[in-house]
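Reproduced below: target-v4.cif, with mmCIF, C-alpha atoms and all ligand atoms.
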```cif
data_input
#
loop_
_atom_site.label_atom_id
_atom_site.label_comp_id
_atom_site.auth_asym_id
_atom_site.auth_seq_id
_atom_site.Cartn_x
_atom_site.Cartn_y
_atom_site.Cartn_z
CA MET A 1 -147.23 49.97 160.42
CA LYS A 2 -148.60 46.56 161.31
CA LYS A 3 -151.13 46.33 164.14
CA ASN A 4 -152.45 43.69 166.51
CA ILE A 5 -155.87 42.48 165.37
CA ILE A 6 -158.74 40.67 167.09
CA LYS A 7 -161.22 38.86 164.85
CA PHE A 8 -164.48 37.28 166.00
CA TRP A 9 -165.25 34.12 164.03
CA GLY A 10 -168.00 32.84 166.34
CA VAL A 11 -169.86 34.83 168.99
CA ARG A 12 -172.96 32.76 169.81
CA GLY A 13 -173.26 30.82 173.06
CA SER A 14 -174.54 27.30 173.68
CA TYR A 15 -175.29 26.10 170.13
CA SER A 16 -175.00 27.33 166.58
CA ILE A 17 -178.01 28.72 164.77
CA THR A 18 -179.04 29.81 161.28
CA ASP A 19 -182.33 31.67 161.99
CA SER A 20 -182.67 34.58 159.58
CA ASP A 21 -183.46 37.07 162.36
CA LYS A 22 -180.18 36.25 164.16
CA LEU A 23 -177.58 36.34 161.42
CA GLU A 24 -176.55 39.96 161.74
CA VAL A 25 -175.05 39.02 165.13
CA GLY A 26 -174.07 35.61 163.80
CA GLY A 27 -174.76 31.95 164.42
CA ASP A 28 -171.41 30.26 165.05
CA THR A 29 -170.20 29.39 168.54
CA PRO A 30 -167.15 30.93 170.29
CA CYS A 31 -163.91 31.37 168.43
CA VAL A 32 -161.75 34.49 168.63
CA GLU A 33 -158.52 35.06 166.76
CA ILE A 34 -155.71 37.27 167.97
CA ARG A 35 -153.18 37.99 165.24
CA THR A 36 -150.22 39.99 166.40
CA LYS A 37 -148.30 42.47 164.34
CA ASP A 38 -145.50 39.81 164.26
CA ASN A 39 -148.02 37.37 162.68
CA ASP A 40 -148.33 35.20 165.81
CA LEU A 41 -151.67 33.38 165.82
CA ILE A 42 -153.52 32.83 169.09
CA ILE A 43 -157.00 31.29 169.07
CA LEU A 44 -159.41 31.52 171.99
CA ASP A 45 -161.85 28.60 171.97
CA MET A 46 -162.69 26.18 169.19
CA GLY A 47 -166.42 26.63 168.69
CA THR A 48 -167.96 26.21 165.26
CA GLY A 49 -166.51 29.61 164.31
CA LEU A 50 -163.14 27.83 164.04
CA ASN A 51 -164.17 26.50 160.64
CA ASN A 52 -164.53 30.06 159.32
CA LEU A 53 -161.08 30.91 160.67
CA SER A 54 -159.67 27.75 159.12
CA SER A 55 -160.98 28.61 155.63
CA ALA A 56 -159.51 32.11 155.85
CA LEU A 57 -156.18 30.81 157.16
CA LEU A 58 -155.75 28.35 154.32
CA LYS A 59 -156.28 31.15 151.79
CA GLU A 60 -153.38 33.16 153.21
CA LYS A 61 -150.15 33.25 151.23
CA ASN A 62 -147.97 32.77 154.29
CA PRO A 63 -150.10 31.53 157.17
CA PRO A 64 -148.29 31.26 160.50
CA SER A 65 -147.05 27.69 160.92
CA ASN A 66 -147.41 27.82 164.71
CA ILE A 67 -150.92 27.98 166.19
CA ASP A 68 -151.56 28.40 169.93
CA ILE A 69 -155.13 27.55 170.96
CA PHE A 70 -156.51 28.27 174.44
CA LEU A 71 -159.71 26.59 175.59
CA SER A 72 -161.80 28.19 178.32
CA HIS A 73 -163.45 24.82 179.05
CA TYR A 74 -164.76 21.76 177.25
CA HIS A 75 -168.46 22.44 176.82
CA LEU A 76 -169.35 21.50 173.26
CA ASP A 77 -170.01 25.06 172.08
CA HIS A 78 -166.31 25.74 172.75
CA ILE A 79 -164.76 22.63 171.17
CA LEU A 80 -166.97 21.45 168.27
CA GLY A 81 -164.81 23.24 165.70
CA PHE A 82 -161.94 20.91 166.61
CA LEU A 83 -163.70 18.06 164.78
CA SER A 84 -163.15 19.60 161.36
CA PHE A 85 -160.20 21.97 161.82
CA ALA A 86 -158.34 21.47 158.54
CA PRO A 87 -154.80 22.41 159.77
CA LEU A 88 -154.87 19.30 161.99
CA PHE A 89 -154.50 17.21 158.86
CA MET A 90 -151.59 19.22 157.42
CA ASP A 91 -147.98 18.53 158.37
CA LYS A 92 -146.91 22.15 157.90
CA PHE A 93 -148.64 23.24 161.11
CA LYS A 94 -147.48 23.04 164.71
CA ILE A 95 -150.60 23.25 166.87
CA ASN A 96 -150.47 23.68 170.63
CA ILE A 97 -153.76 23.29 172.49
CA TYR A 98 -153.95 24.55 176.06
CA GLY A 99 -156.75 23.75 178.49
CA LYS A 100 -157.56 23.00 182.09
CA LYS A 101 -157.18 19.75 183.92
CA ASP A 102 -160.17 18.69 185.98
CA ALA A 103 -161.47 15.55 187.66
CA SER A 104 -162.18 13.94 184.27
CA GLY A 105 -158.68 14.61 182.89
CA GLY A 106 -156.82 17.21 180.85
CA VAL A 107 -157.14 18.73 177.39
CA GLU A 108 -155.97 15.68 175.42
CA LYS A 109 -158.50 13.43 177.13
CA ALA A 110 -161.32 15.95 176.59
CA LEU A 111 -160.67 16.13 172.84
CA ASN A 112 -159.99 12.42 172.50
CA ASP A 113 -163.35 11.72 174.12
CA ILE A 114 -165.28 13.46 171.33
CA LEU A 115 -163.28 11.53 168.72
CA ASP A 116 -164.82 8.29 169.93
CA GLU A 117 -165.92 6.36 166.83
CA ARG A 118 -169.54 6.48 167.98
CA TYR A 119 -169.51 10.27 167.59
CA TRP A 120 -167.04 11.05 164.79
CA PRO A 121 -165.11 9.05 162.18
CA VAL A 122 -161.72 10.75 162.72
CA THR A 123 -159.04 9.44 165.09
CA PHE A 124 -155.91 11.10 166.47
CA ASP A 125 -153.60 9.02 164.25
CA MET A 126 -155.13 10.69 161.16
CA PHE A 127 -153.74 14.08 162.16
CA ASN A 128 -150.52 15.08 160.40
CA ALA A 129 -149.89 18.34 162.25
CA ASP A 130 -147.32 18.45 165.02
CA LEU A 131 -149.88 18.45 167.81
CA THR A 132 -149.16 19.18 171.48
CA PHE A 133 -151.60 19.28 174.37
CA ILE A 134 -150.76 21.34 177.40
CA ASP A 135 -152.69 21.22 180.66
CA ILE A 136 -152.57 24.59 182.36
CA LYS A 137 -153.18 25.59 185.93
CA PRO A 138 -154.32 29.12 186.74
CA GLY A 139 -151.19 31.27 186.51
CA ARG A 140 -148.96 32.62 183.76
CA ILE A 141 -147.35 31.01 180.76
CA HIS A 142 -145.02 32.53 178.23
CA LEU A 143 -145.16 32.17 174.46
CA LYS A 144 -142.61 33.47 171.98
CA ASN A 145 -142.22 37.11 170.90
CA GLY A 146 -142.81 38.41 174.41
CA ILE A 147 -146.41 37.16 174.62
CA SER A 148 -147.69 35.91 177.95
CA ILE A 149 -151.05 34.54 179.00
CA GLU A 150 -152.40 34.72 182.52
CA SER A 151 -155.36 32.51 183.35
CA ASN A 152 -157.78 32.16 186.20
CA LEU A 153 -160.61 29.75 186.97
CA HIS A 154 -164.10 31.20 187.45
CA PRO A 155 -167.53 29.80 188.36
CA HIS A 156 -169.41 27.96 185.60
CA PRO A 157 -170.72 24.36 185.64
CA ASN A 158 -167.42 22.42 185.97
CA GLY A 159 -165.49 25.73 185.90
CA ALA A 160 -164.01 27.78 183.07
CA LEU A 161 -160.74 29.64 182.53
CA GLY A 162 -160.48 33.33 181.76
CA PHE A 163 -157.45 34.49 179.78
CA ARG A 164 -155.45 37.70 179.94
CA VAL A 165 -153.37 37.88 176.78
CA GLU A 166 -150.46 40.27 177.16
CA LEU A 167 -148.85 41.21 173.88
CA LYS A 168 -145.83 43.50 173.64
CA ASP A 169 -148.04 46.56 173.46
CA ASN A 170 -151.64 45.51 174.13
CA VAL A 171 -153.62 43.58 176.72
CA ILE A 172 -156.70 41.61 175.65
CA THR A 173 -158.75 39.81 178.31
CA TYR A 174 -161.24 37.06 177.43
CA ILE A 175 -163.80 36.08 180.02
CA THR A 176 -166.65 33.88 178.97
CA ASP A 177 -169.03 31.41 180.57
CA VAL A 178 -168.92 33.08 183.95
CA GLU A 179 -171.57 33.47 186.65
CA HIS A 180 -170.95 36.36 189.02
CA PRO A 181 -172.52 36.42 192.48
CA ILE A 182 -175.77 38.41 192.65
CA GLY A 183 -175.13 42.13 193.03
CA LYS A 184 -171.35 42.09 192.60
CA THR A 185 -168.63 40.86 190.29
CA LEU A 186 -165.92 38.38 191.15
CA ARG A 187 -162.79 40.01 192.45
CA LYS A 188 -160.47 37.63 190.61
CA VAL A 189 -162.24 38.35 187.31
CA ASN A 190 -161.95 42.10 187.90
CA HIS A 191 -158.27 41.57 188.65
CA LEU A 192 -157.58 39.43 185.58
CA ALA A 193 -159.10 42.18 183.40
CA ARG A 194 -157.07 44.99 185.01
CA GLU A 195 -156.47 47.88 182.62
CA SER A 196 -157.16 45.83 179.50
CA ASP A 197 -157.12 47.56 176.13
CA VAL A 198 -159.95 45.24 175.14
CA LEU A 199 -162.09 43.23 177.53
CA ILE A 200 -164.15 40.53 175.86
CA HIS A 201 -166.77 39.51 178.42
CA GLU A 202 -169.81 37.32 178.04
CA ALA A 203 -173.31 38.79 178.30
CA HIS A 204 -175.35 35.69 177.61
CA PHE A 205 -178.68 36.74 179.15
CA THR A 206 -180.57 40.03 179.33
CA PRO A 207 -180.67 41.51 182.87
CA SER A 208 -184.40 40.69 183.05
CA ASP A 209 -183.93 37.04 182.03
CA LEU A 210 -180.82 36.40 184.16
CA PRO A 211 -182.63 35.82 187.50
CA ASN A 212 -184.49 32.89 185.90
CA TYR A 213 -181.22 31.11 185.13
CA LYS A 214 -179.40 30.96 188.42
CA GLY A 215 -176.75 28.21 188.33
CA TRP A 216 -176.55 28.14 184.52
CA GLY A 217 -173.13 29.78 184.68
CA HIS A 218 -173.78 33.01 182.81
CA CYS A 219 -174.36 36.73 183.30
CA SER A 220 -175.69 39.85 181.56
CA TRP A 221 -174.23 43.07 180.17
CA GLU A 222 -174.66 44.66 183.61
CA GLU A 223 -171.98 42.43 185.15
CA ALA A 224 -169.78 42.84 182.06
CA VAL A 225 -170.02 46.64 182.35
CA SER A 226 -169.24 46.42 186.05
CA VAL A 227 -166.09 44.36 185.39
CA ALA A 228 -165.04 46.81 182.67
CA LYS A 229 -165.45 49.76 185.03
CA ILE A 230 -163.79 48.20 188.07
CA SER A 231 -160.89 46.85 186.01
CA LYS A 232 -160.48 50.22 184.26
CA SER A 233 -160.55 48.51 180.88
CA LYS A 234 -160.57 50.80 177.86
CA GLN A 235 -162.97 48.91 175.63
CA LEU A 236 -165.66 46.31 176.33
CA VAL A 237 -166.93 43.75 173.83
CA LEU A 238 -170.08 41.81 174.78
CA PHE A 239 -169.84 38.17 173.71
CA HIS A 240 -171.44 34.66 173.86
CA HIS A 241 -174.99 35.75 173.01
CA SER A 242 -177.88 33.46 173.85
CA PRO A 243 -179.04 31.47 170.80
CA THR A 244 -182.64 32.35 171.70
CA TYR A 245 -182.16 36.09 171.15
CA SER A 246 -182.78 37.83 167.83
CA ASP A 247 -180.59 40.58 166.39
CA ASP A 248 -183.15 43.11 167.63
CA VAL A 249 -182.95 41.92 171.24
CA ILE A 250 -179.15 41.87 171.22
CA ASN A 251 -178.83 45.25 169.47
CA GLU A 252 -181.21 46.74 172.03
CA PHE A 253 -179.23 45.59 175.05
CA GLY A 254 -176.04 46.66 173.27
CA GLU A 255 -177.46 50.22 173.29
CA ASP A 256 -178.43 49.90 176.97
CA ALA A 257 -174.91 48.79 177.85
CA LYS A 258 -173.39 51.67 175.89
CA GLU A 259 -175.31 54.14 178.02
CA HIS A 260 -173.44 52.79 181.04
CA PHE A 261 -170.03 52.25 179.43
CA GLY A 262 -169.39 54.43 176.41
CA ASN A 263 -166.69 52.35 174.73
CA CYS A 264 -168.80 49.20 174.58
CA MET A 265 -169.72 47.18 171.52
CA LEU A 266 -171.36 43.89 170.65
CA ALA A 267 -169.28 41.01 169.36
CA LYS A 268 -170.73 40.11 165.97
CA GLN A 269 -169.49 37.42 163.64
CA ASN A 270 -166.62 38.72 161.46
CA LEU A 271 -166.08 41.81 163.62
CA GLU A 272 -162.45 42.90 163.47
CA ILE A 273 -160.83 45.18 166.05
CA ILE A 274 -157.56 46.72 164.98
CA LEU A 275 -155.57 47.84 167.98
ZN ZN A 301 -170.41 28.53 176.21
ZN ZN A 302 -169.98 26.55 179.14
#
```
Just give me the structure as structure tokens.
Amino acid sequence: MKKNIIKFWGVRGSYSITDSDKLEVGGDTPCVEIRTKDNDLIILDMGTGLNNLSSALLKEKNPPSNIDIFLSHYHLDHILGFLSFAPLFMDKFKINIYGKKDASGGVEKALNDILDERYWPVTFDMFNADLTFIDIKPGRIHLKNGISIESNLHPHPNGALGFRVELKDNVITYITDVEHPIGKTLRKVNHLARESDVLIHEAHFTPSDLPNYKGWGHCSWEEAVSVAKISKSKQLVLFHHSPTYSDDVINEFGEDAKEHFGNCMLAKQNLEIIL
């Protein structure tokens, strides 16, 4: 029987890296694929990991022609993969990109801005895919095959959206680039994650480093574990690892986190979770 699958194509926060002591965890920036048992394709963020997804997609015999992409926010580590996403140039794909609208504009403006000829030689009119941009407000939207996505805005420089992806038979919540208040976790984040089968939550800094980075918009595994417990999520995946940390550092705090929440694992590049 077919299953819903989550695949991590990029798990590193802030910027991509290739240092040899960091490659077990992986060097590409955030991109997570959800592939449903009906072959629906949902992508969470377009970091540099999107290029890995793209290569795999184009090798498939029957890739889904419809792609729904949800962007947490427009910091470069979450959108750089857009620049070279091959399906954009192919007319067999319908690509819907969802993102927040803020004071600087919506999702189309954000992506158009990085296609300025000073930064990149590609322009929108070179794309052959059927491309749609959808500005979303916190709330719920419905996709086909009974899929719905609830989103909520959380604190991060210029704000970021968390996504609760409800499939027919599984709930996957994706919360990244979030700064919780000291000593507690945000109620709306706990609520968004309620009873998730899989909670993907950032753990950018170690608990000992976190106090030095107040206002940077991130947290540690301690807050992620707290959200997992309060929300009664079944499984926790720690994500968006600092590019300054080696595999050893990340593996060590992964073990610490596991002591506090048994069903906890580290997001590593190419990790696949079959639900
Ligand atoms: Zn980020
Ligand atoms: Zn960010």
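Checking A:Cys219, A:Ile149, A:Ile34, A:Ile274 one by one against ligand ZN 302 (chain A), counting only C-alpha atoms and all ligand atoms, you find the shortest gap at A:Cys219.
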What lies within 8 Å of Met265 in chain A using all atoms listed in the file, ignoring chain neighbours under 6 positions off, as a ChimeraX atom specification?
/A:236-238,254,258
Neighbouring residues of Val165 in chain A were defined as those with any atom within 8 Å, considering all atoms listed in the file; residues of the same chain fewer than 3 positions away were excluded. Please report them as a ChimeraX atom specification.
/A:147-150,171-174
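Taking CA of Pro157 in chain A and CA of Arg118 in chain A as the two end points, the separation is 25.2 Å.
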Can you work out which residues are within 6 Å of ligand ZN 301 (chain A), considering all atoms listed in the file, and then hand them over as a PDB file with C-alpha atoms, in the frame of the given file?
```pdb
ATOM      1  CA  GLY A  13    -173.260  30.820 173.060  1.00  0.00           C
ATOM      2  CA  SER A  14    -174.540  27.300 173.680  1.00  0.00           C
ATOM      3  CA  ASP A  77    -170.010  25.060 172.080  1.00  0.00           C
ATOM      4  CA  ASP A 177    -169.030  31.410 180.570  1.00  0.00           C
TER       5      ASP A 177
END
```
Pick from A:Ile134, A:Val178, A:Leu186, A:Ile17, whichever lies nearest to Glu202 in chain A using all atoms listed in the file:
A:Val178
Among listed residues A:Glu179, A:Glu195, A:Glu117, A:Glu272, nearest Tyr213 in chain A (using only C-alpha atoms)
A:Glu179
Could you list, as a PyMOL selection string, all residues that come within 12 Å of ligand ZN 302 (chain A)? Count only C-alpha atoms and all ligand atoms.
chain A and resi 12-15+29-30+45+47+71-79+154-162+175-179+202+204+215-219+240+242
Residue nearest Asn51 in chain A among A:Asp38, A:Glu33, A:Glu223, A:Glu259 (counting all atoms listed in the file)
A:Glu33
Distance query Ile250 in chain A at most 12 Å, all atoms listed in the file, self and fewer than 3 positions along chain excluded, as a count of residues only:
34
6 Å contact set for range 87-92 of chain A, all atoms listed in the file, chain neighbours under 6 positions out, as a list in words:
Phe127, Asn128 and Ala129 of chain A
Protein, DNA and RNA residues within 12 Å of (-156.7, 45.3, 164.2), only C-alpha atoms, as a PyMOL selection string:
chain A and resi 1-8+33-37+39+170+198+271-275
For the selection you just gave me, I'd like the residues written to a file as a PDB file, in the frame of the given file, keeping C-alpha atoms.
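Ended up saving to part-v4.pdb:
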```
ATOM      1  CA  MET A   1    -147.230  49.970 160.420  1.00  0.00           C
ATOM      2  CA  LYS A   2    -148.600  46.560 161.310  1.00  0.00           C
ATOM      3  CA  LYS A   3    -151.130  46.330 164.140  1.00  0.00           C
ATOM      4  CA  ASN A   4    -152.450  43.690 166.510  1.00  0.00           C
ATOM      5  CA  ILE A   5    -155.870  42.480 165.370  1.00  0.00           C
ATOM      6  CA  ILE A   6    -158.740  40.670 167.090  1.00  0.00           C
ATOM      7  CA  LYS A   7    -161.220  38.860 164.850  1.00  0.00           C
ATOM      8  CA  PHE A   8    -164.480  37.280 166.000  1.00  0.00           C
ATOM      9  CA  GLU A  33    -158.520  35.060 166.760  1.00  0.00           C
ATOM     10  CA  ILE A  34    -155.710  37.270 167.970  1.00  0.00           C
ATOM     11  CA  ARG A  35    -153.180  37.990 165.240  1.00  0.00           C
ATOM     12  CA  THR A  36    -150.220  39.990 166.400  1.00  0.00           C
ATOM     13  CA  LYS A  37    -148.300  42.470 164.340  1.00  0.00           C
ATOM     14  CA  ASN A  39    -148.020  37.370 162.680  1.00  0.00           C
ATOM     15  CA  ASN A 170    -151.640  45.510 174.130  1.00  0.00           C
ATOM     16  CA  VAL A 198    -159.950  45.240 175.140  1.00  0.00           C
ATOM     17  CA  LEU A 271    -166.080  41.810 163.620  1.00  0.00           C
ATOM     18  CA  GLU A 272    -162.450  42.900 163.470  1.00  0.00           C
ATOM     19  CA  ILE A 273    -160.830  45.180 166.050  1.00  0.00           C
ATOM     20  CA  ILE A 274    -157.560  46.720 164.980  1.00  0.00           C
ATOM     21  CA  LEU A 275    -155.570  47.840 167.980  1.00  0.00           C
TER      22      LEU A 275
END
```
